[in-house]
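Here is the file query-v6.txt (compact mmCIF, N, CA and C atoms and all ligand atoms).
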```
# COMPACT_ATOMS: atom_id res chain seq x y z
N MET A 1193 7.03 -135.55 -140.18
CA MET A 1193 7.00 -136.61 -139.16
C MET A 1193 8.12 -137.61 -139.40
N LYS A 1194 8.76 -137.99 -138.34
CA LYS A 1194 9.96 -138.84 -138.44
C LYS A 1194 9.65 -140.17 -139.13
N HIS A 1195 8.53 -140.78 -138.78
CA HIS A 1195 8.28 -142.10 -139.37
C HIS A 1195 8.07 -142.03 -140.88
N LEU A 1196 7.59 -140.88 -141.38
CA LEU A 1196 7.41 -140.76 -142.83
C LEU A 1196 8.74 -140.58 -143.56
N ASP A 1197 9.73 -139.99 -142.88
CA ASP A 1197 11.08 -139.95 -143.46
C ASP A 1197 11.64 -141.36 -143.61
N LEU A 1198 11.34 -142.18 -142.60
CA LEU A 1198 11.79 -143.58 -142.69
C LEU A 1198 11.05 -144.32 -143.80
N VAL A 1199 9.79 -143.97 -144.00
CA VAL A 1199 9.01 -144.60 -145.08
C VAL A 1199 9.63 -144.25 -146.45
N GLN A 1200 10.16 -143.04 -146.58
CA GLN A 1200 10.84 -142.66 -147.84
C GLN A 1200 12.07 -143.56 -148.07
N LYS A 1201 12.80 -143.83 -147.01
CA LYS A 1201 13.97 -144.73 -147.12
C LYS A 1201 13.51 -146.14 -147.50
N TYR A 1202 12.42 -146.52 -146.90
CA TYR A 1202 11.86 -147.84 -147.19
C TYR A 1202 11.46 -147.94 -148.67
N LEU A 1203 10.84 -146.88 -149.16
CA LEU A 1203 10.45 -146.83 -150.58
C LEU A 1203 11.69 -146.92 -151.48
N ALA A 1204 12.72 -146.18 -151.11
CA ALA A 1204 13.98 -146.21 -151.87
C ALA A 1204 14.56 -147.63 -151.87
N ASN A 1205 14.51 -148.29 -150.73
CA ASN A 1205 15.01 -149.67 -150.65
C ASN A 1205 14.20 -150.61 -151.56
N LEU A 1206 12.89 -150.43 -151.58
CA LEU A 1206 12.05 -151.28 -152.45
C LEU A 1206 12.45 -151.11 -153.91
N ALA A 1207 12.72 -149.88 -154.31
CA ALA A 1207 13.10 -149.62 -155.70
C ALA A 1207 14.44 -150.27 -156.03
N VAL A 1208 15.40 -150.14 -155.11
CA VAL A 1208 16.73 -150.72 -155.36
C VAL A 1208 16.66 -152.25 -155.33
N LEU A 1209 15.89 -152.79 -154.39
CA LEU A 1209 15.80 -154.25 -154.29
C LEU A 1209 15.07 -154.86 -155.48
N ASN A 1210 14.16 -154.10 -156.07
CA ASN A 1210 13.51 -154.61 -157.28
C ASN A 1210 14.56 -154.92 -158.36
N VAL A 1211 15.51 -154.02 -158.51
CA VAL A 1211 16.59 -154.23 -159.49
C VAL A 1211 17.55 -155.32 -159.00
N LYS A 1212 17.94 -155.25 -157.73
CA LYS A 1212 18.93 -156.19 -157.20
C LYS A 1212 18.44 -157.64 -157.24
N TRP A 1213 17.18 -157.86 -156.87
CA TRP A 1213 16.66 -159.22 -156.86
C TRP A 1213 16.41 -159.75 -158.27
N HIS A 1214 16.16 -158.83 -159.22
CA HIS A 1214 16.12 -159.27 -160.63
C HIS A 1214 17.52 -159.72 -161.06
N ASN A 1215 18.52 -158.98 -160.64
CA ASN A 1215 19.91 -159.32 -160.95
C ASN A 1215 20.20 -160.78 -160.51
N ILE A 1216 19.80 -161.10 -159.28
CA ILE A 1216 20.01 -162.47 -158.77
C ILE A 1216 19.16 -163.48 -159.54
N HIS A 1217 17.91 -163.12 -159.79
CA HIS A 1217 16.97 -163.96 -160.54
C HIS A 1217 17.55 -164.33 -161.92
N TRP A 1218 18.18 -163.38 -162.56
CA TRP A 1218 18.74 -163.63 -163.89
C TRP A 1218 20.06 -164.38 -163.84
N ASN A 1219 20.88 -164.12 -162.84
CA ASN A 1219 22.27 -164.57 -162.88
C ASN A 1219 22.59 -165.74 -161.96
N VAL A 1220 21.58 -166.26 -161.24
CA VAL A 1220 21.83 -167.43 -160.42
C VAL A 1220 22.20 -168.61 -161.34
N VAL A 1221 23.12 -169.44 -160.88
CA VAL A 1221 23.54 -170.63 -161.64
C VAL A 1221 23.61 -171.84 -160.70
N GLY A 1222 23.64 -173.00 -161.28
CA GLY A 1222 23.84 -174.23 -160.50
C GLY A 1222 22.63 -175.14 -160.52
N ARG A 1223 22.77 -176.24 -159.77
CA ARG A 1223 21.73 -177.27 -159.76
C ARG A 1223 20.41 -176.76 -159.22
N GLN A 1224 20.49 -175.74 -158.35
CA GLN A 1224 19.27 -175.20 -157.75
C GLN A 1224 18.78 -173.95 -158.50
N PHE A 1225 19.27 -173.80 -159.74
CA PHE A 1225 18.91 -172.60 -160.51
C PHE A 1225 17.42 -172.31 -160.45
N LEU A 1226 16.62 -173.30 -160.82
CA LEU A 1226 15.19 -173.04 -161.00
C LEU A 1226 14.50 -172.67 -159.68
N ARG A 1227 14.94 -173.29 -158.59
CA ARG A 1227 14.37 -172.99 -157.27
C ARG A 1227 14.62 -171.52 -156.90
N VAL A 1228 15.87 -171.10 -157.04
CA VAL A 1228 16.22 -169.71 -156.66
C VAL A 1228 15.62 -168.72 -157.66
N HIS A 1229 15.64 -169.09 -158.94
CA HIS A 1229 15.08 -168.24 -160.00
C HIS A 1229 13.59 -167.98 -159.73
N THR A 1230 12.87 -169.02 -159.41
CA THR A 1230 11.43 -168.91 -159.16
C THR A 1230 11.15 -168.18 -157.84
N TYR A 1231 11.96 -168.50 -156.85
CA TYR A 1231 11.75 -167.91 -155.52
C TYR A 1231 11.99 -166.39 -155.55
N THR A 1232 13.07 -165.96 -156.21
CA THR A 1232 13.34 -164.51 -156.27
C THR A 1232 12.23 -163.79 -157.04
N GLU A 1233 11.65 -164.47 -158.02
CA GLU A 1233 10.53 -163.85 -158.76
C GLU A 1233 9.34 -163.63 -157.82
N GLU A 1234 9.06 -164.62 -157.00
CA GLU A 1234 7.96 -164.50 -156.04
C GLU A 1234 8.22 -163.30 -155.10
N LEU A 1235 9.47 -163.17 -154.67
CA LEU A 1235 9.81 -162.07 -153.75
C LEU A 1235 9.69 -160.70 -154.42
N TYR A 1236 10.26 -160.56 -155.63
CA TYR A 1236 10.23 -159.21 -156.22
C TYR A 1236 8.84 -158.83 -156.72
N ASP A 1237 8.02 -159.83 -157.03
CA ASP A 1237 6.62 -159.51 -157.39
C ASP A 1237 5.90 -158.86 -156.20
N GLN A 1238 6.10 -159.44 -155.02
CA GLN A 1238 5.48 -158.88 -153.82
C GLN A 1238 6.03 -157.48 -153.53
N LEU A 1239 7.32 -157.36 -153.64
CA LEU A 1239 8.00 -156.10 -153.35
C LEU A 1239 7.56 -154.99 -154.31
N PHE A 1240 7.29 -155.36 -155.55
CA PHE A 1240 6.86 -154.37 -156.54
C PHE A 1240 5.44 -153.88 -156.24
N GLU A 1241 4.61 -154.77 -155.74
CA GLU A 1241 3.27 -154.36 -155.29
C GLU A 1241 3.39 -153.41 -154.11
N ASP A 1242 4.27 -153.75 -153.18
CA ASP A 1242 4.47 -152.91 -151.99
C ASP A 1242 5.00 -151.53 -152.39
N TYR A 1243 5.86 -151.50 -153.39
CA TYR A 1243 6.46 -150.24 -153.87
C TYR A 1243 5.36 -149.22 -154.20
N ASP A 1244 4.36 -149.67 -154.94
CA ASP A 1244 3.25 -148.78 -155.30
C ASP A 1244 2.42 -148.43 -154.06
N ALA A 1245 2.14 -149.41 -153.24
CA ALA A 1245 1.31 -149.19 -152.05
C ALA A 1245 1.97 -148.20 -151.08
N VAL A 1246 3.28 -148.31 -150.92
CA VAL A 1246 4.00 -147.44 -149.98
C VAL A 1246 4.05 -146.00 -150.53
N ALA A 1247 4.28 -145.84 -151.83
CA ALA A 1247 4.28 -144.50 -152.43
C ALA A 1247 2.89 -143.86 -152.29
N GLU A 1248 1.85 -144.66 -152.50
CA GLU A 1248 0.49 -144.13 -152.39
C GLU A 1248 0.13 -143.79 -150.93
N LEU A 1249 0.68 -144.54 -150.01
CA LEU A 1249 0.51 -144.21 -148.59
C LEU A 1249 1.08 -142.81 -148.30
N LEU A 1250 2.27 -142.54 -148.86
CA LEU A 1250 2.87 -141.21 -148.66
C LEU A 1250 1.99 -140.12 -149.27
N LYS A 1251 1.44 -140.38 -150.45
CA LYS A 1251 0.53 -139.40 -151.07
C LYS A 1251 -0.67 -139.13 -150.16
N MET A 1252 -1.20 -140.17 -149.54
CA MET A 1252 -2.35 -140.00 -148.63
C MET A 1252 -1.98 -139.14 -147.44
N LYS A 1253 -0.68 -139.18 -147.08
CA LYS A 1253 -0.20 -138.36 -145.94
C LYS A 1253 0.30 -137.00 -146.43
N GLU A 1254 0.02 -136.69 -147.69
CA GLU A 1254 0.42 -135.41 -148.30
C GLU A 1254 1.93 -135.21 -148.32
N VAL A 1255 2.63 -136.31 -148.52
CA VAL A 1255 4.09 -136.27 -148.71
C VAL A 1255 4.36 -136.74 -150.13
N THR A 1256 5.23 -136.02 -150.86
CA THR A 1256 5.58 -136.44 -152.21
C THR A 1256 6.58 -137.59 -152.11
N PRO A 1257 6.21 -138.76 -152.62
CA PRO A 1257 7.15 -139.89 -152.53
C PRO A 1257 8.38 -139.66 -153.40
N LEU A 1258 9.52 -140.13 -152.96
CA LEU A 1258 10.71 -140.13 -153.82
C LEU A 1258 10.33 -140.86 -155.09
N SER A 1259 10.69 -140.28 -156.24
CA SER A 1259 10.17 -140.82 -157.50
C SER A 1259 11.21 -140.91 -158.61
N THR A 1260 12.47 -140.72 -158.28
CA THR A 1260 13.51 -140.87 -159.31
C THR A 1260 14.56 -141.88 -158.85
N MET A 1261 15.19 -142.52 -159.82
CA MET A 1261 16.23 -143.50 -159.50
C MET A 1261 17.37 -142.82 -158.73
N LYS A 1262 17.66 -141.57 -159.10
CA LYS A 1262 18.73 -140.82 -158.44
C LYS A 1262 18.43 -140.69 -156.94
N ASP A 1263 17.19 -140.32 -156.62
CA ASP A 1263 16.80 -140.18 -155.21
C ASP A 1263 16.79 -141.54 -154.50
N TYR A 1264 16.39 -142.58 -155.20
CA TYR A 1264 16.38 -143.90 -154.57
C TYR A 1264 17.80 -144.32 -154.19
N LEU A 1265 18.71 -144.15 -155.12
CA LEU A 1265 20.09 -144.56 -154.84
C LEU A 1265 20.71 -143.71 -153.73
N ALA A 1266 20.32 -142.44 -153.67
CA ALA A 1266 20.88 -141.56 -152.64
C ALA A 1266 20.30 -141.87 -151.26
N ASN A 1267 19.10 -142.42 -151.20
CA ASN A 1267 18.42 -142.61 -149.91
C ASN A 1267 18.35 -144.06 -149.42
N ALA A 1268 18.64 -144.99 -150.31
CA ALA A 1268 18.49 -146.40 -149.93
C ALA A 1268 19.53 -146.81 -148.89
N THR A 1269 19.15 -147.74 -148.03
CA THR A 1269 20.10 -148.30 -147.06
C THR A 1269 20.53 -149.72 -147.46
N VAL A 1270 20.03 -150.20 -148.58
CA VAL A 1270 20.53 -151.46 -149.15
C VAL A 1270 21.41 -151.10 -150.34
N SER A 1271 22.39 -151.96 -150.63
CA SER A 1271 23.26 -151.63 -151.76
C SER A 1271 23.11 -152.64 -152.87
N GLU A 1272 23.42 -152.17 -154.07
CA GLU A 1272 23.35 -153.02 -155.25
C GLU A 1272 24.56 -153.97 -155.27
N VAL A 1273 24.51 -154.90 -156.20
CA VAL A 1273 25.61 -155.84 -156.32
C VAL A 1273 25.92 -155.97 -157.82
N ALA A 1274 27.22 -156.08 -158.14
CA ALA A 1274 27.61 -156.22 -159.54
C ALA A 1274 27.14 -157.57 -160.06
N PRO A 1275 26.65 -157.64 -161.30
CA PRO A 1275 26.20 -158.92 -161.83
C PRO A 1275 27.36 -159.88 -162.06
N LYS A 1276 27.14 -161.14 -161.71
CA LYS A 1276 28.09 -162.22 -161.99
C LYS A 1276 27.30 -163.52 -161.87
N ASP A 1277 27.93 -164.65 -162.03
CA ASP A 1277 27.26 -165.91 -161.74
C ASP A 1277 27.13 -166.02 -160.22
N PHE A 1278 25.90 -166.10 -159.73
CA PHE A 1278 25.68 -166.27 -158.29
C PHE A 1278 25.32 -167.72 -158.03
N GLY A 1279 26.06 -168.37 -157.14
CA GLY A 1279 25.70 -169.73 -156.72
C GLY A 1279 24.47 -169.70 -155.83
N HIS A 1280 23.95 -170.88 -155.53
CA HIS A 1280 22.75 -171.02 -154.68
C HIS A 1280 22.92 -170.31 -153.34
N ASP A 1281 23.99 -170.63 -152.61
CA ASP A 1281 24.17 -170.05 -151.27
C ASP A 1281 24.44 -168.55 -151.34
N ASP A 1282 25.27 -168.15 -152.28
CA ASP A 1282 25.55 -166.70 -152.43
C ASP A 1282 24.27 -165.93 -152.70
N SER A 1283 23.44 -166.47 -153.57
CA SER A 1283 22.17 -165.81 -153.92
C SER A 1283 21.31 -165.65 -152.68
N LEU A 1284 21.16 -166.75 -151.95
CA LEU A 1284 20.26 -166.73 -150.79
C LEU A 1284 20.82 -165.89 -149.65
N LYS A 1285 22.15 -165.84 -149.52
CA LYS A 1285 22.73 -165.00 -148.47
C LYS A 1285 22.50 -163.53 -148.78
N LEU A 1286 22.63 -163.16 -150.04
CA LEU A 1286 22.35 -161.77 -150.44
C LEU A 1286 20.91 -161.42 -150.11
N VAL A 1287 20.01 -162.31 -150.49
CA VAL A 1287 18.57 -162.08 -150.24
C VAL A 1287 18.29 -162.01 -148.74
N LYS A 1288 18.91 -162.92 -147.99
CA LYS A 1288 18.66 -162.95 -146.55
C LYS A 1288 19.11 -161.64 -145.87
N ASP A 1289 20.29 -161.15 -146.23
CA ASP A 1289 20.77 -159.88 -145.66
C ASP A 1289 19.77 -158.75 -145.93
N ASP A 1290 19.25 -158.73 -147.14
CA ASP A 1290 18.28 -157.68 -147.50
C ASP A 1290 16.98 -157.85 -146.72
N LEU A 1291 16.54 -159.08 -146.57
CA LEU A 1291 15.30 -159.33 -145.81
C LEU A 1291 15.46 -158.88 -144.36
N VAL A 1292 16.66 -159.14 -143.79
CA VAL A 1292 16.92 -158.74 -142.40
C VAL A 1292 16.93 -157.21 -142.28
N THR A 1293 17.59 -156.55 -143.24
CA THR A 1293 17.60 -155.07 -143.25
C THR A 1293 16.19 -154.51 -143.36
N MET A 1294 15.39 -155.09 -144.24
CA MET A 1294 14.03 -154.59 -144.45
C MET A 1294 13.13 -154.86 -143.24
N ARG A 1295 13.33 -155.99 -142.59
CA ARG A 1295 12.52 -156.27 -141.40
C ARG A 1295 12.84 -155.26 -140.30
N ALA A 1296 14.14 -154.96 -140.13
CA ALA A 1296 14.54 -153.99 -139.09
C ALA A 1296 13.95 -152.61 -139.39
N LEU A 1297 14.02 -152.19 -140.64
CA LEU A 1297 13.49 -150.88 -141.01
C LEU A 1297 11.96 -150.85 -140.87
N ALA A 1298 11.30 -151.90 -141.31
CA ALA A 1298 9.83 -151.98 -141.20
C ALA A 1298 9.41 -151.95 -139.73
N THR A 1299 10.20 -152.60 -138.88
CA THR A 1299 9.90 -152.61 -137.44
C THR A 1299 10.06 -151.20 -136.85
N ASP A 1300 11.13 -150.52 -137.23
CA ASP A 1300 11.36 -149.13 -136.81
C ASP A 1300 10.20 -148.22 -137.22
N ILE A 1301 9.77 -148.39 -138.46
CA ILE A 1301 8.67 -147.56 -138.99
C ILE A 1301 7.39 -147.86 -138.21
N ARG A 1302 7.12 -149.13 -137.99
CA ARG A 1302 5.92 -149.53 -137.25
C ARG A 1302 5.91 -148.87 -135.85
N ASN A 1303 7.07 -148.93 -135.20
CA ASN A 1303 7.13 -148.41 -133.83
C ASN A 1303 7.11 -146.88 -133.78
N SER A 1304 7.79 -146.21 -134.71
CA SER A 1304 7.72 -144.73 -134.70
C SER A 1304 6.34 -144.25 -135.11
N ALA A 1305 5.68 -144.98 -136.00
CA ALA A 1305 4.31 -144.61 -136.39
C ALA A 1305 3.37 -144.77 -135.19
N ASP A 1306 3.62 -145.80 -134.42
CA ASP A 1306 2.80 -146.03 -133.22
C ASP A 1306 2.97 -144.88 -132.23
N ASP A 1307 4.23 -144.45 -132.04
CA ASP A 1307 4.49 -143.30 -131.15
C ASP A 1307 3.77 -142.05 -131.64
N ALA A 1308 3.65 -141.93 -132.97
CA ALA A 1308 3.01 -140.74 -133.55
C ALA A 1308 1.49 -140.91 -133.67
N GLY A 1309 0.97 -142.06 -133.27
CA GLY A 1309 -0.47 -142.31 -133.34
C GLY A 1309 -0.98 -142.54 -134.76
N ASP A 1310 -0.07 -142.90 -135.67
CA ASP A 1310 -0.45 -143.11 -137.08
C ASP A 1310 -0.76 -144.60 -137.31
N PHE A 1311 -1.99 -144.98 -136.95
CA PHE A 1311 -2.33 -146.41 -136.96
C PHE A 1311 -2.44 -147.00 -138.36
N GLU A 1312 -2.65 -146.15 -139.39
CA GLU A 1312 -2.67 -146.68 -140.76
C GLU A 1312 -1.30 -147.24 -141.14
N VAL A 1313 -0.27 -146.49 -140.78
CA VAL A 1313 1.09 -146.95 -141.07
C VAL A 1313 1.43 -148.17 -140.21
N VAL A 1314 1.00 -148.15 -138.95
CA VAL A 1314 1.23 -149.30 -138.06
C VAL A 1314 0.66 -150.56 -138.69
N ALA A 1315 -0.59 -150.50 -139.14
CA ALA A 1315 -1.28 -151.68 -139.70
C ALA A 1315 -0.55 -152.21 -140.92
N MET A 1316 -0.15 -151.29 -141.81
CA MET A 1316 0.51 -151.71 -143.04
C MET A 1316 1.86 -152.38 -142.75
N PHE A 1317 2.62 -151.76 -141.85
CA PHE A 1317 3.97 -152.25 -141.62
C PHE A 1317 4.02 -153.48 -140.73
N GLU A 1318 2.98 -153.72 -139.96
CA GLU A 1318 2.94 -154.99 -139.22
C GLU A 1318 2.89 -156.15 -140.21
N ASP A 1319 2.12 -155.99 -141.27
CA ASP A 1319 2.06 -157.04 -142.30
C ASP A 1319 3.41 -157.22 -142.99
N TYR A 1320 4.10 -156.10 -143.24
CA TYR A 1320 5.40 -156.21 -143.90
C TYR A 1320 6.41 -156.94 -143.01
N VAL A 1321 6.39 -156.61 -141.72
CA VAL A 1321 7.32 -157.30 -140.80
C VAL A 1321 7.06 -158.81 -140.83
N ALA A 1322 5.78 -159.19 -140.81
CA ALA A 1322 5.43 -160.61 -140.82
C ALA A 1322 5.90 -161.29 -142.12
N PHE A 1323 5.79 -160.57 -143.23
CA PHE A 1323 6.26 -161.10 -144.52
C PHE A 1323 7.77 -161.39 -144.47
N TYR A 1324 8.54 -160.44 -143.92
CA TYR A 1324 10.00 -160.65 -143.85
C TYR A 1324 10.35 -161.78 -142.89
N SER A 1325 9.65 -161.86 -141.78
CA SER A 1325 9.93 -162.94 -140.83
C SER A 1325 9.72 -164.29 -141.50
N LYS A 1326 8.64 -164.42 -142.23
CA LYS A 1326 8.36 -165.68 -142.92
C LYS A 1326 9.47 -166.03 -143.90
N HIS A 1327 9.89 -165.04 -144.67
CA HIS A 1327 10.88 -165.32 -145.71
C HIS A 1327 12.30 -165.47 -145.15
N ILE A 1328 12.58 -164.84 -144.02
CA ILE A 1328 13.88 -165.08 -143.37
C ILE A 1328 13.93 -166.54 -142.91
N TRP A 1329 12.83 -167.04 -142.42
CA TRP A 1329 12.73 -168.47 -142.04
C TRP A 1329 12.95 -169.34 -143.29
N PHE A 1330 12.24 -169.03 -144.40
CA PHE A 1330 12.38 -169.83 -145.63
C PHE A 1330 13.85 -169.87 -146.09
N VAL A 1331 14.45 -168.69 -146.18
CA VAL A 1331 15.81 -168.61 -146.72
C VAL A 1331 16.81 -169.29 -145.78
N SER A 1332 16.62 -169.07 -144.48
CA SER A 1332 17.52 -169.72 -143.51
C SER A 1332 17.42 -171.23 -143.63
N SER A 1333 16.20 -171.75 -143.82
CA SER A 1333 16.03 -173.21 -143.96
C SER A 1333 16.68 -173.72 -145.25
N MET A 1334 16.57 -172.94 -146.32
CA MET A 1334 17.19 -173.36 -147.59
C MET A 1334 18.72 -173.35 -147.49
N LEU A 1335 19.24 -172.50 -146.60
CA LEU A 1335 20.70 -172.39 -146.46
C LEU A 1335 21.30 -173.45 -145.53
N LYS A 1336 20.45 -174.19 -144.82
CA LYS A 1336 20.96 -175.20 -143.87
C LYS A 1336 21.46 -176.44 -144.60
FE FE B 1401 11.90 -163.58 -164.90
```

Take the structure from the file and write it as C-alpha cells.
Ligand SMILES: [Fe+2]
Amino acid sequence: MKHLDLVQKYLANLAVLNVKWHNIHWNVVGRQFLRVHTYTEELYDQLFEDYDAVAELLKMKEVTPLSTMKDYLANATVSEVAPKDFGHDDSLKLVKDDLVTMRALATDIRNSADDAGDFEVVAMFEDYVAFYSKHIWFVSSMLK
C-alpha cells in the first residue's frame, strides 16, 4: 500500500532527525543557549517516542519496518548537517525546515491512508500534523 511506503520514509526521517536534533542540542551556542538546548531536547524526546510507535504501527500492518541506519539514510527525505557552533537563529531555522518537511509528509500519509480506508493511520497522523503545526508556530515566533 502506497501510504505504508510513505510511513517507511517517515520512520527513516524520525531516525535521522533524532541524530540531527541532538547535533543542534549539543552544538548550539550564544545567549539563548539554554532555551534552544532545552527546546530541542523536548522535540527529540517526542520524536523518539514516535519512532517506536511508527515502527510498531508498521508491524501491526505486517510490514517490516526499516531497521538499520543504512536504510534510514538511504530513504530519509531530511538531510543531516555537519556539526559546528550553531547560533540561535541558525539552530531554529534548521529545526523549522525539518518541522515543515515532516508536517508535509505526515499530511500526505494522513490523506493517502484516508483514500485507502486505513483509519488507524489517519488517526495517528492527524495528531502528528497537529504537533508539527504547534511547533512551527513556536519556532516561527522565536525567530521573529
Ligand atoms: Fe542532552

_Between atom N of Arg1295 (chain A) and CA of Tyr1324 (chain A), what distance in Å does the model show, to one decimal?_
5.9 Å

*Can I get the residues close to ligand FE 1401 (chain B) as JSON, numbers by chain, where close means within 12 Å and we count only C-alpha atoms and all ligand atoms?*
{"A": [1210, 1211, 1213, 1214, 1215, 1216, 1217, 1218, 1219, 1220, 1226, 1228, 1229, 1230, 1231, 1232, 1233, 1234, 1235, 1236, 1237]}

Put the listed atoms of region 1203-1213 of chain A in a box along x, y and z with 6 Å added on every side and give me the centre and edge lengths in Å to one decimal, as AutoDock Vina command-line options.
```
--center_x 14.7 --center_y -153.0 --center_z -154.3 --size_x 20.5 --size_y 25.6 --size_z 22.3
```

Give me, as a Markdown table, each residue of region 1219-1302 of chain A that comes within 6 Å of region 1198-1209 of chain A, together with its shortest interatomic pair and the distance in Å at one decimal, counting only N, CA and C atoms, with rows ordered by chain and rising residue number.
```
| residue | atom | partner | partner_atom | distance |
| --- | --- | --- | --- | --- |
| A:Tyr1243 | CA | A:Leu1206 | CA | 5.9 |
| A:Leu1258 | N | A:Gln1200 | CA | 5.9 |
| A:Tyr1264 | CA | A:Ala1204 | CA | 4.3 |
| A:Asn1267 | C | A:Lys1201 | CA | 5.0 |
| A:Ala1268 | CA | A:Asn1205 | N | 4.5 |
| A:Thr1269 | N | A:Asn1205 | CA | 5.3 |
| A:Val1270 | N | A:Asn1205 | CA | 5.5 |
```

*Between CA of Met1294 (chain A) and CA of Val1321 (chain A), what is the distance, to one decimal in Å?*
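Distance reported for this atom pair: 8.1 Å.
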
*Name the closest residue to Ser1325 (chain A) among the candidates A:Leu1196, A:Ile1301, A:Leu1291, A:Val1273; distances are taken between atoms, counting only N, CA and C atoms.*
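That would be A:Leu1291, the residue with the smallest distance to Ser1325 (chain A).
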
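Distances here use only C-alpha atoms; by that measure, the residue among A:Ser1283, A:Thr1293, A:Ser1304, A:Thr1299 closest to Leu1335 (chain A) is A:Ser1283.
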
*List every residue of region 1212-1297 of chain A that DSSP, applied to the backbone of this structure, places in helix (DSSP H, G or I), and write the result as an NGL selection string.*
:A and (1212-1219 or 1225-1252 or 1261-1267 or 1280-1297)

*Which distance in Å separates CA of Lys1285 (chain A) and CA of Tyr1320 (chain A), to one decimal?*
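These two atoms are separated by 20.0 Å.
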
*With all atoms listed in the file as the basis for distance, which of A:Asp1197, A:Asp1300, A:Gln1224, A:Lys1212 is at the shortest distance from Gly1279 (chain A)?*
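Between A:Asp1197, A:Asp1300, A:Gln1224, A:Lys1212, the residue approaching Gly1279 (chain A) most closely is A:Gln1224.
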
Dump C-alpha atoms of region 1306-1332 of chain A from the given block, as an mmCIF file, in the first residue's frame.
```cif
data_model
loop_
_atom_site.group_PDB
_atom_site.id
_atom_site.type_symbol
_atom_site.label_atom_id
_atom_site.label_comp_id
_atom_site.auth_asym_id
_atom_site.auth_seq_id
_atom_site.Cartn_x
_atom_site.Cartn_y
_atom_site.Cartn_z
ATOM 1 C CA ASP A 1306 -7.722 8.032 4.198
ATOM 2 C CA ASP A 1307 -8.005 7.142 0.488
ATOM 3 C CA ALA A 1308 -7.049 3.562 1.408
ATOM 4 C CA GLY A 1309 -9.598 3.439 4.259
ATOM 5 C CA ASP A 1310 -6.833 2.914 6.850
ATOM 6 C CA PHE A 1311 -8.353 4.910 9.699
ATOM 7 C CA GLU A 1312 -5.751 3.759 12.262
ATOM 8 C CA VAL A 1313 -3.037 5.520 10.289
ATOM 9 C CA VAL A 1314 -5.325 8.526 9.720
ATOM 10 C CA ALA A 1315 -5.890 8.908 13.488
ATOM 11 C CA MET A 1316 -2.210 8.633 14.352
ATOM 12 C CA PHE A 1317 -1.001 11.042 11.703
ATOM 13 C CA GLU A 1318 -3.628 13.675 12.414
ATOM 14 C CA ASP A 1319 -2.021 14.023 15.847
ATOM 15 C CA TYR A 1320 1.441 14.255 14.287
ATOM 16 C CA VAL A 1321 0.329 17.004 11.900
ATOM 17 C CA ALA A 1322 -1.083 18.966 14.853
ATOM 18 C CA PHE A 1323 2.208 18.538 16.752
ATOM 19 C CA TYR A 1324 4.208 19.994 13.844
ATOM 20 C CA SER A 1325 1.785 22.870 13.358
ATOM 21 C CA LYS A 1326 2.152 23.821 17.012
ATOM 22 C CA HIS A 1327 5.932 23.709 16.894
ATOM 23 C CA ILE A 1328 6.180 25.562 13.576
ATOM 24 C CA TRP A 1329 4.251 28.341 15.330
ATOM 25 C CA PHE A 1330 6.627 28.171 18.357
ATOM 26 C CA VAL A 1331 9.771 28.280 16.243
ATOM 27 C CA SER A 1332 8.453 30.991 13.937
#
```
